[in-house]
Amino acid sequence: MAELRKVCPLLLKPNPHNPRITPPATAMDEQLLASIKAIGIIQPPVVVEKDGELVIKAGTRRVCAAIAAGLATIEVIVADGDEANSPMESLSENLIRASMNSVDIWRGIDALEQRGWNEPAIADALALPVRTIRRLKLLAHLHPPMLRAIAKGSMPSEDQLRTIAAASREEQAQVWKKYRPKKDHEVYWSDVARALAKRRIPFSAAKFGDDLAQAYGVVWEDDLFAPADEDGRYTTNVDGFFGAQQEWLQSNLPERGTLLPQDEYGRPQLPKKAENVYGTPGKNDRIGHYLDPYSGAVKTIVYRLPETRKSVKGDKDPAGTAPDPAAPQPRTRPDVTQKGLAMIGDFRTDALHQALREARIEDSTLLGLLVLALAAKNVPVQSGADIGPFDREAIAATITEGGVLTSDLELVRTAARNMLVASLSCRDNMSNSGLGARIAGEAVGASLYLPTMATDEFLACLSRQALEKAAETEGVWAEARVRDTRARFIERFSGTRYVYQAALFQLTAEEIAAAAPPNHLVHWRGGTATDSLGGDAGSGEEIMSDTGPLPAPAIADPSPAA
């Protein structure tokens with residue numbers, strides 16, 4: 001008959017036939033010791049009485065941990081001795097165990113926190129690092145079907161879990177709908193995490209303070225997995241970060257500092273004839289500042305402008321000479337901030353996509369737009385629409401059946417509109433299609449779909465001179481304070497729509513000139529083409545002799561379809 005007895009753990013004798021000969025990992029013993037120190041022994045060890053001594057039958061590690069914890073007495077179960085079954089009982093007690101999965105452990109941690117336990121206390125009781133506790137708590141942010149998949153044993157890596165948990169439940173649900181596994185298949189967590197990954201900008205790259213961060217909607221989040229001695233804060237509001245960083249840079253340029261323009265790849269552009277200075281800067285050298293397109297950090301380049309000839313006696317009046325390019329130029333705020341340009345890009349893209357879906361477009365115009373879309377800078381396509389390569393394949397599949405192109409013109413028109421939406425973008429980032437999207441928007445009357453820009457958020461992106469010029473054009477009285485001018489502007493267009501002139505799709509004369517094709521591409525406009533061997537391929541007229549001249553794309557009726 002088994003009985004429960006309190007004994008000193010030092011009096012218990014080890015089992016000479018213990019099947020566990022190889023000691024477990026040190027971390028496992030430390031975890032057991034921490035648990036016993038925090039909450040005691042949950043399941044008493046089992047012992048048998050033999051020759052007047054108590055011999056451990058099951059629970060050697062618990063007894064050793066109790067001795068290490070300094071416990072004076074512990075409870076043990078004194079069982080009847082059975083020499084025949086003793087080896088089998090000892091072996092099964094050590095072998096037949098089922099460890100808890102991560103989801104159940106997290107639920108247990110959550111239940112403890114609801115009872116008043118904090119993270120350090122839980123970590124001490126379970127002998128787990130606080131970082132592990134926090135990692136398991138990330139499961140609380142997961143889409144329920146993902147949790148069920150993890151509970152079945154399919155666990156993402158730490159980095160993948162962090163990426164997935166950082167996304168909203170709605171985003172997770174959309175991605176899970178696409179990547180959830182079929183029956184009896186594994187979850188490809190790498191695909192799920194990649195689809196939910198967001199670009200992060202570290203706090204260490206920021207020069208601006210809390211005021212600009214708040215103005216641009218930059219929220220800093222803590223990276224739970226950053227080293228303890230590093231500031232692991234980051235933001236996923238990339239556009240807001242660059243807007244705040246750019247405004248700080250414009251307002252804090254040092255003496256002899258200049259703000260360098262950047263090309264479409266983010267590379268800084270030096271003034272004409274300027275030379276890089278790689279040694280110690282001289283007193284007349286300039287320091288160019290720009291933002292790294294990847295990290296958002298402020299970068300500098302030292303450069304030198306060519307010397308200008310000093311005027312000598314007998315020269316013409318220096319007032320008629322060209323200004324010295326090395327002379328310090330007064331700093332002026334641009335008409336529209338980087339955030340304002342980003343807003344215009346978003347407005348244009350949304351209006352363009354709506355026009356492509358709804359406006360009446362002639363078939364010849366659609367063909368021309370497709371040419372523009374496929375010649376855009378963002379091909380391979382990275383557009384503002386949430387449409388990936390598989391979605392584009394699905395669009396193409398709507399006009400084919402059995403490997404044959406459909407003759408249904410309506411299906412072709414719908415697929416053409418959807419493909420244009422997937423390709424054209426005016427957004428102020430890497431998805432920008434360039435001037436082709438602007439030309440396409442003008443062709444389909446997308447300017448009529450632009451939202452009102454008489455809002456405080458957008459007007460705050462305009463400089464004083466740009467705002468006052470727009471106010472004069474629209475008959476709005478310019479006040480002494482810029483905020484009052486904005487308030488009058490918003491009041492003037494209350495209940496109606498205002499579109500900033502520079503936000504329209506129509507190209508300016510400067511943009512048209514800049515869009516002129518290079519000489520080596522002029523043959524596409526009817527010049528002489530050259531074949532791959534260098535011979536003359538004939539004129540444009542000869543190339544089109546069989547098909548006749550191509551008609552100019554028709555301009556669509558800009559009024560939205562009813």
# chains A, B, ... in the order shown; residues from 1 in each chain; ligands from 1
call {"tool": "residues_around", "arguments": {"residues": "Gly52 in chain A", "least_positions_apart": "4", "cutoff": "12 Å", "atoms": "only C-alpha atoms", "output": "PyMOL selection string"}}
result
chain A and resi 11-13+48
call {"tool": "closest_residue", "arguments": {"among": "A:Ala466, A:Leu142, A:Val192, A:Ala454", "to": "Gln160 in chain A", "atoms": "only C-alpha atoms"}}
result
A:Val192
call {"tool": "residues_around", "arguments": {"residues": "range 39-46 of chain A", "least_positions_apart": "3", "cutoff": "9 Å", "atoms": "only C-alpha atoms", "output": "number ranges by chain"}}
result
A: 4, 34-36, 55-60, 62-63, 66, 74-79, 125
call {"tool": "write_last_selection", "arguments": {"atoms": "N, CA and C atoms", "output": "mmCIF file, in the first residue's frame"}}
result
data_model
loop_
_atom_site.group_PDB
_atom_site.id
_atom_site.type_symbol
_atom_site.label_atom_id
_atom_site.label_comp_id
_atom_site.auth_asym_id
_atom_site.auth_seq_id
_atom_site.Cartn_x
_atom_site.Cartn_y
_atom_site.Cartn_z
ATOM 1 N N LEU A 4 2.238 8.511 1.484
ATOM 2 C CA LEU A 4 2.942 9.766 1.293
ATOM 3 C C LEU A 4 3.706 10.078 2.569
ATOM 4 N N ALA A 34 15.295 25.871 -10.956
ATOM 5 C CA ALA A 34 14.602 27.154 -10.848
ATOM 6 C C ALA A 34 13.123 26.953 -10.563
ATOM 7 N N SER A 35 12.524 25.940 -11.181
ATOM 8 C CA SER A 35 11.108 25.664 -10.967
ATOM 9 C C SER A 35 10.845 25.238 -9.521
ATOM 10 N N ILE A 36 11.719 24.393 -8.976
ATOM 11 C CA ILE A 36 11.537 23.924 -7.602
ATOM 12 C C ILE A 36 11.732 25.065 -6.612
ATOM 13 N N VAL A 55 15.050 3.859 -1.400
ATOM 14 C CA VAL A 55 15.770 3.907 -2.683
ATOM 15 C C VAL A 55 14.850 4.571 -3.718
ATOM 16 N N ILE A 56 15.426 5.496 -4.436
ATOM 17 C CA ILE A 56 14.638 6.240 -5.435
ATOM 18 C C ILE A 56 14.267 5.311 -6.579
ATOM 19 N N LYS A 57 12.985 5.272 -6.852
ATOM 20 C CA LYS A 57 12.497 4.473 -7.976
ATOM 21 C C LYS A 57 12.227 5.363 -9.195
ATOM 22 N N ALA A 58 11.692 6.548 -8.970
ATOM 23 C CA ALA A 58 11.432 7.513 -10.050
ATOM 24 C C ALA A 58 11.552 8.919 -9.467
ATOM 25 N N GLY A 59 12.377 9.750 -10.099
ATOM 26 C CA GLY A 59 12.498 11.132 -9.647
ATOM 27 C C GLY A 59 13.880 11.507 -9.158
ATOM 28 N N THR A 60 14.912 10.851 -9.669
ATOM 29 C CA THR A 60 16.283 11.156 -9.234
ATOM 30 C C THR A 60 16.637 12.621 -9.478
ATOM 31 N N ARG A 62 14.615 15.179 -9.614
ATOM 32 C CA ARG A 62 13.874 16.027 -8.673
ATOM 33 C C ARG A 62 14.534 16.030 -7.300
ATOM 34 N N VAL A 63 15.022 14.859 -6.867
ATOM 35 C CA VAL A 63 15.692 14.780 -5.574
ATOM 36 C C VAL A 63 16.984 15.587 -5.589
ATOM 37 N N ALA A 66 16.197 19.212 -5.444
ATOM 38 C CA ALA A 66 15.739 19.615 -4.106
ATOM 39 C C ALA A 66 16.924 19.802 -3.172
ATOM 40 N N ILE A 74 11.200 16.888 1.815
ATOM 41 C CA ILE A 74 10.347 16.832 0.639
ATOM 42 C C ILE A 74 9.357 15.691 0.825
ATOM 43 N N GLU A 75 8.285 15.741 0.091
ATOM 44 C CA GLU A 75 7.318 14.650 0.127
ATOM 45 C C GLU A 75 7.696 13.594 -0.904
ATOM 46 N N VAL A 76 7.596 12.324 -0.509
ATOM 47 C CA VAL A 76 7.850 11.219 -1.434
ATOM 48 C C VAL A 76 6.723 10.213 -1.293
ATOM 49 N N ILE A 77 6.517 9.456 -2.337
ATOM 50 C CA ILE A 77 5.531 8.360 -2.314
ATOM 51 C C ILE A 77 6.305 7.061 -2.110
ATOM 52 N N VAL A 78 6.053 6.394 -0.972
ATOM 53 C CA VAL A 78 6.698 5.120 -0.689
ATOM 54 C C VAL A 78 5.816 4.013 -1.262
ATOM 55 N N ALA A 79 6.315 3.357 -2.319
ATOM 56 C CA ALA A 79 5.527 2.340 -3.028
ATOM 57 C C ALA A 79 5.986 0.954 -2.628
ATOM 58 N N ALA A 125 10.854 31.101 -12.754
ATOM 59 C CA ALA A 125 10.198 29.853 -12.360
ATOM 60 C C ALA A 125 10.419 28.745 -13.379
#
call {"tool": "atom_distance", "arguments": {"atom1": "CA of Met453 in chain A", "atom2": "CA of Thr365 in chain A"}}
result
28.9 Å
call {"tool": "decode", "arguments": {"residues": "range 499-516 of chain A", "atoms": "N, CA and C atoms", "output": "PDB file, in the first residue's frame"}}
result
ATOM      1  N   VAL A 499      -7.694  70.893 -56.876  1.00  0.00           N
ATOM      2  CA  VAL A 499      -6.530  70.096 -57.263  1.00  0.00           C
ATOM      3  C   VAL A 499      -5.362  71.040 -57.500  1.00  0.00           C
ATOM      4  N   TYR A 500      -4.260  70.789 -56.831  1.00  0.00           N
ATOM      5  CA  TYR A 500      -3.051  71.593 -57.003  1.00  0.00           C
ATOM      6  C   TYR A 500      -2.567  71.460 -58.450  1.00  0.00           C
ATOM      7  N   GLN A 501      -2.247  72.590 -59.070  1.00  0.00           N
ATOM      8  CA  GLN A 501      -1.938  72.602 -60.503  1.00  0.00           C
ATOM      9  C   GLN A 501      -0.805  71.631 -60.848  1.00  0.00           C
ATOM     10  N   ALA A 502       0.229  71.604 -60.007  1.00  0.00           N
ATOM     11  CA  ALA A 502       1.385  70.744 -60.309  1.00  0.00           C
ATOM     12  C   ALA A 502       1.086  69.271 -60.096  1.00  0.00           C
ATOM     13  N   ALA A 503      -0.082  68.947 -59.550  1.00  0.00           N
ATOM     14  CA  ALA A 503      -0.446  67.545 -59.333  1.00  0.00           C
ATOM     15  C   ALA A 503      -1.204  66.955 -60.512  1.00  0.00           C
ATOM     16  N   LEU A 504      -1.571  67.756 -61.481  1.00  0.00           N
ATOM     17  CA  LEU A 504      -2.283  67.237 -62.646  1.00  0.00           C
ATOM     18  C   LEU A 504      -1.380  66.312 -63.451  1.00  0.00           C
ATOM     19  N   PHE A 505      -1.963  65.488 -64.269  1.00  0.00           N
ATOM     20  CA  PHE A 505      -1.190  64.513 -65.038  1.00  0.00           C
ATOM     21  C   PHE A 505      -0.462  65.145 -66.224  1.00  0.00           C
ATOM     22  N   GLN A 506      -0.942  66.269 -66.721  1.00  0.00           N
ATOM     23  CA  GLN A 506      -0.361  66.882 -67.914  1.00  0.00           C
ATOM     24  C   GLN A 506       1.106  67.228 -67.682  1.00  0.00           C
ATOM     25  N   LEU A 507       1.949  66.877 -68.640  1.00  0.00           N
ATOM     26  CA  LEU A 507       3.383  67.148 -68.521  1.00  0.00           C
ATOM     27  C   LEU A 507       3.673  68.631 -68.745  1.00  0.00           C
ATOM     28  N   THR A 508       4.692  69.118 -68.048  1.00  0.00           N
ATOM     29  CA  THR A 508       5.153  70.485 -68.280  1.00  0.00           C
ATOM     30  C   THR A 508       6.092  70.503 -69.484  1.00  0.00           C
ATOM     31  N   ALA A 509       6.414  71.695 -69.967  1.00  0.00           N
ATOM     32  CA  ALA A 509       7.325  71.816 -71.110  1.00  0.00           C
ATOM     33  C   ALA A 509       8.698  71.242 -70.759  1.00  0.00           C
ATOM     34  N   GLU A 510       9.140  71.470 -69.508  1.00  0.00           N
ATOM     35  CA  GLU A 510      10.443  70.946 -69.094  1.00  0.00           C
ATOM     36  C   GLU A 510      10.439  69.418 -69.080  1.00  0.00           C
ATOM     37  N   GLU A 511       9.340  68.822 -68.610  1.00  0.00           N
ATOM     38  CA  GLU A 511       9.262  67.365 -68.571  1.00  0.00           C
ATOM     39  C   GLU A 511       9.200  66.775 -69.972  1.00  0.00           C
ATOM     40  N   ILE A 512       8.512  67.469 -70.884  1.00  0.00           N
ATOM     41  CA  ILE A 512       8.446  66.997 -72.275  1.00  0.00           C
ATOM     42  C   ILE A 512       9.830  67.015 -72.896  1.00  0.00           C
ATOM     43  N   ALA A 513      10.577  68.097 -72.632  1.00  0.00           N
ATOM     44  CA  ALA A 513      11.932  68.189 -73.183  1.00  0.00           C
ATOM     45  C   ALA A 513      12.837  67.113 -72.601  1.00  0.00           C
ATOM     46  N   ALA A 514      12.698  66.867 -71.298  1.00  0.00           N
ATOM     47  CA  ALA A 514      13.528  65.851 -70.657  1.00  0.00           C
ATOM     48  C   ALA A 514      13.172  64.449 -71.121  1.00  0.00           C
ATOM     49  N   ALA A 515      11.939  64.268 -71.603  1.00  0.00           N
ATOM     50  CA  ALA A 515      11.493  62.943 -72.032  1.00  0.00           C
ATOM     51  C   ALA A 515      11.878  62.624 -73.464  1.00  0.00           C
ATOM     52  N   ALA A 516      12.543  63.559 -74.168  1.00  0.00           N
ATOM     53  CA  ALA A 516      12.934  63.308 -75.552  1.00  0.00           C
ATOM     54  C   ALA A 516      13.837  62.085 -75.621  1.00  0.00           C
TER      55      ALA A 516
END
